$ cat entry_13.txt   # compact mmCIF, C-alpha atoms
# COMPACT_ATOMS: atom_id res chain seq x y z
CA MET G 1 126.53 97.36 94.96
CA GLY G 2 126.88 95.93 98.49
CA GLY G 3 129.46 98.57 99.28
CA VAL G 4 127.04 101.32 98.29
CA VAL G 5 124.35 99.96 100.63
CA GLU G 6 126.76 99.91 103.54
CA ARG G 7 127.89 103.43 102.84
CA ILE G 8 124.34 104.77 102.62
CA VAL G 9 123.30 102.92 105.78
CA GLU G 10 126.32 104.37 107.61
CA LYS G 11 125.25 107.88 106.52
CA ILE G 12 121.68 107.20 107.63
CA ARG G 13 122.99 106.19 111.08
CA GLU G 14 124.95 109.40 111.38
CA GLU G 15 122.08 111.61 110.20
CA SER G 16 119.51 109.94 112.44
CA LYS G 17 121.50 110.34 115.66
CA GLU G 18 120.08 113.72 116.54
CA PHE G 19 116.45 112.66 116.18
CA GLU G 20 114.49 111.04 118.92
CA GLU G 21 112.14 109.54 116.36
CA VAL G 22 111.54 110.16 112.67
CA LYS G 23 108.42 108.87 110.90
CA ILE G 24 108.77 108.28 107.19
CA MET G 25 105.80 107.08 105.17
CA HIS G 26 106.11 105.51 101.73
CA LEU G 27 103.17 105.72 99.38
CA CYS G 28 103.62 102.81 97.03
CA GLY G 29 103.13 99.09 97.51
CA THR G 30 106.16 98.39 95.37
CA HIS G 31 108.24 100.36 97.87
CA GLU G 32 106.89 98.14 100.65
CA ASP G 33 107.97 95.17 98.57
CA THR G 34 111.53 96.52 98.29
CA ILE G 35 111.58 97.41 102.00
CA SER G 36 110.38 93.98 103.13
CA LYS G 37 112.27 91.95 100.55
CA TYR G 38 115.60 93.51 101.48
CA ASN G 39 114.63 93.90 105.14
CA ILE G 40 115.44 97.59 105.06
CA ARG G 41 113.68 98.20 108.41
CA SER G 42 116.33 96.06 110.08
CA LEU G 43 119.17 97.89 108.31
CA ILE G 44 118.27 101.35 109.53
CA PRO G 45 118.31 102.64 113.12
CA GLU G 46 115.27 101.93 115.29
CA ASN G 47 114.38 105.58 115.70
CA VAL G 48 113.72 105.84 111.95
CA LYS G 49 110.22 104.41 111.50
CA LEU G 50 109.19 103.32 108.02
CA LEU G 51 105.41 103.28 107.65
CA ALA G 52 103.34 102.06 104.74
CA GLY G 53 100.67 104.41 103.36
CA PRO G 54 97.74 103.92 100.99
CA GLY G 55 99.87 103.12 97.95
CA CYS G 56 98.11 99.97 96.80
CA PRO G 57 95.34 100.53 94.23
CA VAL G 58 93.71 97.14 94.76
CA CYS G 59 93.69 97.64 98.54
CA ILE G 60 92.11 101.08 98.60
CA ILE G 61 89.17 100.24 96.34
CA PRO G 62 86.14 100.22 98.62
CA ASP G 63 83.93 97.16 98.77
CA GLU G 64 81.14 99.15 97.14
CA ASP G 65 82.95 99.16 93.77
CA LEU G 66 83.57 95.44 93.95
CA GLN G 67 79.95 94.75 94.94
CA LYS G 68 78.77 96.77 91.96
CA VAL G 69 80.84 94.62 89.62
CA PHE G 70 79.40 91.48 91.27
CA HIS G 71 75.91 92.97 90.90
CA LEU G 72 76.47 93.52 87.18
CA LEU G 73 77.93 90.06 86.67
CA GLU G 74 74.95 88.44 88.39
CA ARG G 75 72.47 90.21 86.10
CA GLU G 76 74.13 90.64 82.71
CA ASP G 77 75.72 88.17 80.32
CA VAL G 78 79.01 89.98 79.86
CA ILE G 79 82.68 89.10 79.58
CA LEU G 80 84.26 90.67 82.66
CA THR G 81 87.95 91.43 82.33
CA THR G 82 90.33 92.69 85.01
CA PHE G 83 93.79 92.30 86.52
CA GLY G 84 94.68 89.14 88.42
CA ASP G 85 94.90 90.45 91.95
CA MET G 86 91.62 92.39 91.69
CA ALA G 87 89.89 89.12 90.78
CA ARG G 88 90.98 87.60 94.10
CA VAL G 89 89.60 90.31 96.42
CA PRO G 90 86.80 88.77 98.47
CA PHE G 91 83.52 90.23 99.59
CA GLU G 92 81.49 88.03 101.93
CA GLY G 93 83.85 85.23 100.95
CA LYS G 94 83.19 85.60 97.22
CA SER G 95 85.65 86.91 94.63
CA LEU G 96 85.53 87.28 90.85
CA PHE G 97 87.26 83.90 90.66
CA HIS G 98 84.31 82.49 92.60
CA TYR G 99 82.00 83.81 89.87
CA ARG G 100 84.23 82.27 87.22
CA ALA G 101 84.02 78.91 88.97
CA LYS G 102 80.21 79.31 88.89
CA GLY G 103 80.33 79.67 85.11
CA LYS G 104 80.53 83.44 84.64
CA ASP G 105 82.90 84.63 81.93
CA VAL G 106 85.60 86.34 83.99
CA ARG G 107 88.94 86.76 82.26
CA ILE G 108 92.25 87.92 83.69
CA VAL G 109 94.16 90.24 81.42
CA TYR G 110 97.69 91.60 81.50
CA SER G 111 96.56 94.92 80.07
CA VAL G 112 93.44 96.80 78.98
CA PHE G 113 94.59 96.27 75.40
CA ASP G 114 94.07 92.52 75.82
CA ALA G 115 90.51 93.31 76.96
CA LEU G 116 90.07 95.50 73.88
CA GLU G 117 91.17 92.59 71.67
CA ILE G 118 88.65 90.30 73.36
CA ALA G 119 85.90 92.84 72.58
CA LYS G 120 86.98 93.14 68.94
CA ASN G 121 86.74 89.38 68.55
CA SER G 122 83.45 88.88 70.37
CA ASP G 123 79.75 89.68 69.89
CA LYS G 124 79.24 89.90 73.64
CA ASN G 125 79.62 93.00 75.74
CA VAL G 126 83.03 93.19 77.36
CA VAL G 127 83.50 95.11 80.61
CA PHE G 128 86.96 96.08 81.85
CA PHE G 129 87.06 96.56 85.62
CA ALA G 130 89.67 99.31 85.65
CA ILE G 131 91.78 99.90 88.71
CA GLY G 132 94.98 101.77 89.40
CA PHE G 133 96.41 105.21 90.01
CA GLU G 134 97.85 107.66 87.48
CA THR G 135 100.38 105.02 86.41
CA THR G 136 97.63 102.83 84.98
CA MET G 137 95.02 105.40 83.93
CA PRO G 138 96.70 106.42 80.67
CA SER G 139 96.43 102.87 79.31
CA THR G 140 92.69 102.80 80.07
CA ALA G 141 92.34 106.25 78.51
CA VAL G 142 94.05 105.12 75.29
CA ALA G 143 91.73 102.11 75.17
CA ALA G 144 88.63 104.30 75.71
CA LYS G 145 89.56 106.28 72.62
CA GLU G 146 89.61 103.10 70.55
CA ALA G 147 86.68 101.32 72.15
CA PRO G 148 84.44 99.28 69.86
CA GLU G 149 80.68 99.44 70.55
CA ASN G 150 80.73 96.41 72.83
CA PHE G 151 83.57 97.59 75.08
CA PHE G 152 82.84 99.22 78.45
CA ILE G 153 84.95 100.49 81.29
CA PHE G 154 83.93 100.21 84.93
CA SER G 155 86.30 102.76 86.38
CA ALA G 156 87.56 102.26 89.92
CA HIS G 157 90.59 104.38 89.04
CA ARG G 158 91.70 106.84 91.70
CA PHE G 159 93.91 109.92 91.40
CA PHE G 160 96.70 109.63 93.95
CA ILE G 161 97.70 113.27 94.39
CA PRO G 162 94.34 114.21 96.01
CA ALA G 163 94.95 111.40 98.52
CA MET G 164 98.20 113.05 99.53
CA GLU G 165 96.34 116.32 99.84
CA ALA G 166 94.01 114.53 102.27
CA LEU G 167 96.81 112.82 104.21
CA MET G 168 99.29 115.60 104.67
CA PRO G 169 97.56 118.31 106.75
CA ASN G 170 98.01 117.77 110.51
CA SER G 171 99.92 114.56 109.94
CA GLU G 172 102.50 113.09 112.34
CA ILE G 173 104.66 112.07 109.40
CA ASP G 174 108.04 113.80 109.10
CA GLY G 175 108.80 112.83 105.52
CA TYR G 176 107.23 111.05 102.57
CA ILE G 177 108.63 108.68 99.96
CA ASN G 178 106.49 109.45 96.93
CA PRO G 179 105.43 106.76 94.48
CA GLY G 180 107.91 106.33 91.63
CA HIS G 181 105.71 105.25 88.77
CA VAL G 182 102.77 107.50 89.59
CA SER G 183 105.40 110.24 89.40
CA THR G 184 106.59 108.99 86.01
CA ILE G 185 103.21 110.15 84.71
CA VAL G 186 102.38 113.17 86.89
CA GLY G 187 105.94 114.52 87.16
CA VAL G 188 107.69 116.39 89.94
CA VAL G 189 105.43 119.35 89.17
CA ALA G 190 102.36 117.58 90.57
CA TYR G 191 103.73 117.74 94.13
CA GLU G 192 104.65 121.41 94.12
CA SER G 193 101.33 122.48 95.63
CA LEU G 194 101.89 120.01 98.51
CA THR G 195 105.07 121.75 99.67
CA LYS G 196 102.76 124.14 101.59
CA TYR G 197 102.57 121.45 104.28
CA LYS G 198 106.32 121.87 104.89
CA THR G 199 106.91 118.12 105.06
CA PRO G 200 109.78 116.94 102.85
CA MET G 201 108.94 114.53 100.04
CA VAL G 202 111.22 112.49 97.81
CA ILE G 203 110.24 110.65 94.63
CA SER G 204 112.03 107.35 94.82
CA GLY G 205 113.01 104.44 92.60
CA PHE G 206 112.52 100.83 93.59
CA GLU G 207 115.96 99.32 94.04
CA PRO G 208 117.02 98.94 97.69
CA GLU G 209 119.73 101.52 97.05
CA ASP G 210 117.07 103.95 95.76
CA VAL G 211 114.96 103.56 98.89
CA LEU G 212 117.94 103.90 101.23
CA LEU G 213 119.20 106.94 99.41
CA SER G 214 115.71 108.45 99.58
CA ILE G 215 115.66 107.90 103.36
CA LEU G 216 119.03 109.62 103.63
CA MET G 217 117.81 112.54 101.50
CA LEU G 218 114.71 112.85 103.69
CA LEU G 219 116.67 112.84 106.95
CA LYS G 220 118.86 115.68 105.71
CA ALA G 221 115.82 117.61 104.50
CA ILE G 222 113.90 117.05 107.74
CA LYS G 223 116.90 118.35 109.69
CA ASN G 224 117.34 121.42 107.50
CA GLY G 225 113.67 122.11 106.82
CA SER G 226 114.43 121.98 103.09
CA PRO G 227 114.32 120.97 100.30
CA LEU G 228 110.68 120.05 100.53
CA LEU G 229 110.51 118.27 97.18
CA MET G 230 113.25 116.02 95.81
CA ASN G 231 113.54 113.55 92.96
CA GLU G 232 115.77 110.54 93.49
CA TYR G 233 114.23 108.63 90.56
CA VAL G 234 115.58 110.92 87.86
CA ARG G 235 116.10 108.04 85.45
CA ALA G 236 112.34 107.65 85.07
CA VAL G 237 110.70 110.82 86.42
CA ARG G 238 110.91 114.15 84.59
CA TYR G 239 109.84 117.49 86.01
CA GLU G 240 106.78 117.69 83.76
CA GLY G 241 106.05 113.92 83.83
CA ASN G 242 104.68 112.29 80.71
CA VAL G 243 102.76 115.16 79.10
CA LYS G 244 101.08 113.05 76.42
CA ALA G 245 99.89 110.57 79.03
CA LYS G 246 98.52 113.36 81.22
CA GLU G 247 96.68 114.87 78.24
CA VAL G 248 94.92 111.66 77.28
CA MET G 249 94.14 110.89 80.93
CA ASN G 250 92.59 114.32 81.48
CA GLU G 251 90.67 114.12 78.22
CA VAL G 252 89.05 110.79 79.06
CA PHE G 253 88.57 111.13 82.82
CA ASP G 254 86.88 113.67 85.07
CA ALA G 255 87.73 113.95 88.74
CA GLU G 256 84.89 113.34 91.21
CA ASP G 257 84.79 112.81 94.94
CA GLY G 258 85.61 109.18 95.60
CA SER G 259 85.65 106.76 98.48
CA TRP G 260 88.86 104.97 99.59
CA ARG G 261 89.11 102.03 101.95
CA GLY G 262 90.38 103.40 105.27
CA LEU G 263 90.52 107.01 104.13
CA GLY G 264 86.85 107.72 103.44
CA ILE G 265 85.72 110.21 100.81
CA ILE G 266 88.55 112.14 99.18
CA PRO G 267 87.59 115.17 97.05
CA ASN G 268 88.42 114.94 93.33
CA SER G 269 90.03 111.53 93.67
CA LYS G 270 87.75 109.31 91.60
CA ALA G 271 88.40 109.11 87.88
CA SER G 272 85.08 108.81 86.09
CA LEU G 273 84.71 108.74 82.32
CA SER G 274 84.00 112.19 80.97
CA ARG G 275 80.82 112.96 79.07
CA VAL G 276 82.52 112.52 75.68
CA TYR G 277 83.40 108.95 76.58
CA GLU G 278 80.20 108.02 78.41
CA ASN G 279 79.27 105.63 75.58
CA CYS G 280 81.89 103.24 76.98
CA ASP G 281 81.13 103.96 80.66
CA ALA G 282 79.79 100.71 82.15
CA GLU G 283 78.02 102.58 84.95
CA LYS G 284 76.07 104.64 82.38
CA PHE G 285 75.41 101.89 79.85
CA PHE G 286 74.15 99.46 82.49
CA GLU G 287 72.41 102.22 84.48
CA ASP G 288 69.17 100.22 84.80
CA VAL G 289 71.03 97.26 86.26
CA PHE G 290 72.45 99.42 89.02
CA GLU G 291 69.09 100.97 89.90
CA ASP G 292 68.38 98.46 92.65
CA PHE G 293 71.99 98.29 93.87
CA VAL G 294 72.45 98.73 97.61
CA PRO G 295 75.93 98.34 99.13
CA LYS G 296 76.31 96.05 102.12
CA GLU G 297 78.84 95.54 104.91
CA ASP G 298 80.96 92.40 104.93
CA LYS G 299 80.72 90.94 108.46
CA ARG G 300 83.85 88.85 107.89
CA LYS G 301 85.81 92.12 107.67
CA LYS G 302 84.67 93.38 111.08
CA ASN G 303 88.08 92.79 112.65
CA CYS G 304 90.10 93.47 109.49
CA LEU G 305 92.65 96.25 110.04
CA CYS G 306 93.22 96.94 106.34
CA GLY G 307 91.89 100.50 106.68
CA GLU G 308 94.25 101.34 109.56
CA ILE G 309 97.17 99.67 107.78
CA LEU G 310 96.52 101.82 104.69
CA LYS G 311 96.77 104.93 106.88
CA GLY G 312 100.04 103.78 108.43
CA LYS G 313 98.30 103.57 111.84
CA ALA G 314 98.83 99.82 112.18
CA PHE G 315 101.16 97.10 110.97
CA PRO G 316 99.84 93.75 109.73
CA THR G 317 101.07 92.10 112.92
CA ASP G 318 98.70 94.36 114.90
CA CYS G 319 95.75 92.64 113.22
CA LYS G 320 94.13 89.70 115.01
CA LEU G 321 93.36 88.05 111.69
CA PHE G 322 96.87 88.26 110.21
CA MET G 323 98.14 84.78 109.29
CA LYS G 324 95.35 83.24 111.36
CA ALA G 325 91.94 83.73 109.76
CA CYS G 326 93.47 85.81 106.95
CA THR G 327 96.22 84.34 104.78
CA PRO G 328 97.31 84.83 101.15
CA ARG G 329 95.56 81.54 100.34
CA ASP G 330 92.31 82.53 102.02
CA PRO G 331 92.39 86.31 102.42
CA ILE G 332 89.75 88.41 104.18
CA GLY G 333 91.06 91.92 103.55
CA SER G 334 92.33 93.34 100.29
CA CYS G 335 95.73 94.15 101.87
CA MET G 336 96.29 90.39 102.05
CA VAL G 337 95.28 89.89 98.42
CA SER G 338 97.26 92.32 96.35
CA PHE G 339 100.94 91.80 95.64
CA GLU G 340 101.23 95.42 96.72
CA GLY G 341 99.28 95.00 99.91
CA THR G 342 101.34 95.32 103.09
CA CYS G 343 99.80 92.16 104.61
CA ASN G 344 100.50 90.09 101.51
CA ILE G 345 104.09 91.34 101.38
CA TRP G 346 104.67 90.63 105.08
CA ALA G 347 103.16 87.17 104.64
CA LYS G 348 105.61 86.55 101.81
CA TYR G 349 108.81 87.86 103.36
CA GLY G 350 108.08 87.49 107.05
CA LYS G 351 107.60 90.12 109.70
CA SER G 352 109.47 93.18 108.58
CA LEU G 353 110.10 95.10 111.82
CA MET Z 1 100.05 97.26 90.39
CA CYS Z 2 102.33 100.22 89.86
CA LEU Z 3 105.18 97.98 88.92
CA ALA Z 4 106.86 99.10 85.72
CA ILE Z 5 109.63 97.14 84.13
CA PRO Z 6 112.44 98.48 81.93
CA ALA Z 7 112.43 96.88 78.49
CA LYS Z 8 114.59 97.29 75.40
CA VAL Z 9 112.82 98.34 72.21
CA LEU Z 10 113.55 95.90 69.39
CA GLU Z 11 111.21 96.98 66.62
CA ILE Z 12 108.65 99.73 66.08
CA ASP Z 13 105.32 99.15 64.38
CA TYR Z 14 103.57 102.34 65.47
CA PRO Z 15 101.63 102.60 67.78
CA PHE Z 16 103.11 99.28 68.88
CA ALA Z 17 106.64 98.14 69.52
CA THR Z 18 108.18 94.78 70.16
CA VAL Z 19 110.24 94.96 73.32
CA SER Z 20 112.46 92.59 75.19
CA LEU Z 21 111.21 92.25 78.78
CA GLY Z 22 113.95 90.40 80.58
CA GLY Z 23 114.51 88.30 77.47
CA ALA Z 24 110.85 87.69 76.67
CA LYS Z 25 109.44 89.43 73.60
CA ARG Z 26 106.25 91.36 74.04
CA LYS Z 27 104.14 93.76 72.01
CA VAL Z 28 103.47 97.03 73.86
CA ARG Z 29 102.00 100.45 73.01
CA VAL Z 30 104.50 103.25 72.63
CA ASP Z 31 102.26 106.07 71.39
CA LEU Z 32 102.44 108.08 74.61
CA LEU Z 33 106.18 108.60 74.17
CA GLU Z 34 108.04 110.91 71.81
CA ASP Z 35 110.63 109.55 69.33
CA VAL Z 36 111.05 105.98 70.46
CA LYS Z 37 113.71 104.13 68.51
CA PRO Z 38 114.96 100.54 68.51
CA GLY Z 39 117.67 100.28 71.14
CA ASP Z 40 115.92 102.69 73.55
CA TYR Z 41 114.96 101.52 77.01
CA VAL Z 42 111.39 102.15 78.10
CA LEU Z 43 109.44 101.52 81.29
CA VAL Z 44 106.51 99.22 80.57
CA HIS Z 45 103.41 99.15 82.74
CA VAL Z 46 100.41 96.95 81.83
CA GLY Z 47 101.25 96.88 78.13
CA LEU Z 48 102.00 100.57 77.77
CA ALA Z 49 105.40 102.22 77.66
CA ILE Z 50 105.09 105.10 80.13
CA GLN Z 51 108.55 106.67 79.91
CA LYS Z 52 111.93 106.41 78.28
CA VAL Z 53 114.78 105.62 80.63
CA SER Z 54 117.71 107.68 79.50
CA GLU Z 55 121.35 106.81 79.98
CA GLU Z 56 122.13 110.42 80.73
CA GLU Z 57 119.80 110.34 83.71
CA VAL Z 58 121.26 107.09 84.94
CA LYS Z 59 124.60 108.92 85.00
CA GLU Z 60 122.95 111.85 86.76
CA ILE Z 61 121.75 109.64 89.59
CA GLU Z 62 125.22 108.14 89.96
CA ARG Z 63 126.58 111.67 90.31
CA LEU Z 64 123.92 112.47 92.91
CA TRP Z 65 124.79 109.38 94.88
CA GLU Z 66 128.47 110.19 94.88
CA GLU Z 67 127.76 113.70 96.02
CA LEU Z 68 125.55 112.63 98.91
CA LEU Z 69 127.96 109.99 100.07
CA LYS Z 70 130.93 112.33 99.94
CA GLU Z 71 129.40 114.95 102.21
$ encode --input "entry_13.txt" --output "structure tokens"
Amino acid sequence: MGGVVERIVEKIREESKEFEEVKIMHLCGTHEDTISKYNIRSLIPENVKLLAGPGCPVCIIPDEDLQKVFHLLEREDVILTTFGDMARVPFEGKSLFHYRAKGKDVRIVYSVFDALEIAKNSDKNVVFFAIGFETTMPSTAVAAKEAPENFFIFSAHRFFIPAMEALMPNSEIDGYINPGHVSTIVGVVAYESLTKYKTPMVISGFEPEDVLLSILMLLKAIKNGSPLLMNEYVRAVRYEGNVKAKEVMNEVFDAEDGSWRGLGIIPNSKASLSRVYENCDAEKFFEDVFEDFVPKEDKRKKNCLCGEILKGKAFPTDCKLFMKACTPRDPIGSCMVSFEGTCNIWAKYGKSL
Amino acid sequence: MCLAIPAKVLEIDYPFATVSLGGAKRKVRVDLLEDVKPGDYVLVHVGLAIQKVSEEEVKEIERLWEELLKE
């Protein structure tokens, strides 16, 4: 495959010659992983800038959601289940692992179905702290349909397409690499309405060859002004997406305005459980517990650039805390926690510029 | 988080299937896919198969690559 990489890189060099500068933003943490792991920024010409966008579900969850889960855990005797990297996100120096060390029943699961099994085999109430974009939502939706009486979902799920709708108008970005596995669910069709912004987009796979080919496709499209929507990841992304997954996701979740770290409130981006499924909605069931909930600011995060990094306005190395006060071992911002966070990835593979 | 891994379907026990994930066997849900058969490749994300990966489309991408590189 080495030969293919060289050939694509050669084409990218040729295509990029006529541009003074081209800004390409990817929208998936797994793309950042590929880019940093294979040092793709060093392979391509300097005038092609690869920026990381808000494509990390753990990173974009605002502290308020995390604080609410802490609030619940402090007041109710529940089994709290979630994914591993979410459990490591700190607020005022505390994470869900901190609560586990203090004796709270916090369990890391590989999937929501493991959480469902825990509920079926327990008399206690089990809460699943659900995070993720459209890729992950269908699994939570399937679980909601099978929820036993003691199973509840705290949904911090976010719809990704509305975030693109918020990012794209008046943006400096010349082309977007769209998230591959979000697209597996939503399909090529989901991006059609975004072509009105006249910025080319390509749905990309995750091998280094995929990403390089996507950059090449974008450069050609930026030059020609078309096509505005391309699919490089045809082996996993169909035009219509996964229709069954979309159906169950739309049945179980309603879209509400939701807050994102760095991006603020984005209309119709929060996936809340619909009325039919409110019996397993943790925010409804534990309504009384949340009555006295007031979100706070974390002073430790004052200098954290996570929000700017998620907008592609800063690189991890622009942050004063990066690899000094904030490390993968003792993170301050969520971008340093998640395996999809740009700071975590840069800490792992080294500076990627 | 949005990592999805291709896995080979070994056995169906609807709505579950046993798949081989890089050699490790794992039980996953396959009920959001149409007509999954043993031998198929599926993309698995947090215990749920989210799409079939078809050989035809793998060939299609190879064709696309060739075309772009020829130009």
$ closest_atom_pairs --input "entry_13.txt" --of "chain G" --to "chain Z" --cutoff "7 Å" --atoms "only C-alpha atoms" --output "tab-separated table"
residue	atom	partner	partner_atom	distance
G:Ile8	CA	Z:Leu69	CA	6.8
G:Thr30	CA	Z:Leu3	CA	6.5
G:Pro57	CA	Z:Met1	CA	6.9
G:Tyr110	CA	Z:Val46	CA	6.0
G:Ser111	CA	Z:Val46	CA	4.7
G:Gly132	CA	Z:Met1	CA	6.9
G:Thr135	CA	Z:Cys2	CA	6.2
G:Ser139	CA	Z:Leu48	CA	6.2
G:His181	CA	Z:Cys2	CA	6.2
G:Thr184	CA	Z:Gln51	CA	6.8
G:Val234	CA	Z:Glu57	CA	5.9
G:Arg235	CA	Z:Glu57	CA	4.7
G:Ala236	CA	Z:Val53	CA	5.5
G:Asn242	CA	Z:Gln51	CA	6.9
G:Lys244	CA	Z:Leu32	CA	5.5
G:Ala245	CA	Z:Leu32	CA	5.7
G:Glu340	CA	Z:Met1	CA	6.7
$ atom_distance --input "entry_13.txt" --atom1 "atom CA of Phe293 of chain G" --atom2 "atom CA of Phe70 of chain G"
10.4 Å
$ residues_around --input "entry_13.txt" --residues "Glu232 of chain G" --least-positions-apart "3" --cutoff "12 Å" --atoms "only C-alpha atoms" --output "count of residues only"
39
$ residues_around --input "entry_13.txt" --residues "Ile79 of chain G" --least-positions-apart "2" --cutoff "12 Å" --atoms "all atoms listed in the file" --output "VMD selection string"
chain G and resid 69 72 to 74 76 to 77 81 to 82 96 99 to 100 103 to 109 115 to 116 118 to 119 121 to 129 150 to 153
$ atom_distance --input "entry_13.txt" --atom1 "atom CA of Gly264 of chain G" --atom2 "atom CA of Gly55 of chain G"
14.9 Å
$ atom_distance --input "entry_13.txt" --atom1 "atom CA of Lys324 of chain G" --atom2 "atom CA of Val58 of chain G"
21.7 Å
$ residues_around --input "entry_13.txt" --residues "Ala87 of chain G" --least-positions-apart "2" --cutoff "6 Å" --atoms "all atoms listed in the file" --output "JSON, numbers by chain"
{"G": [84, 85, 89, 96, 97]}
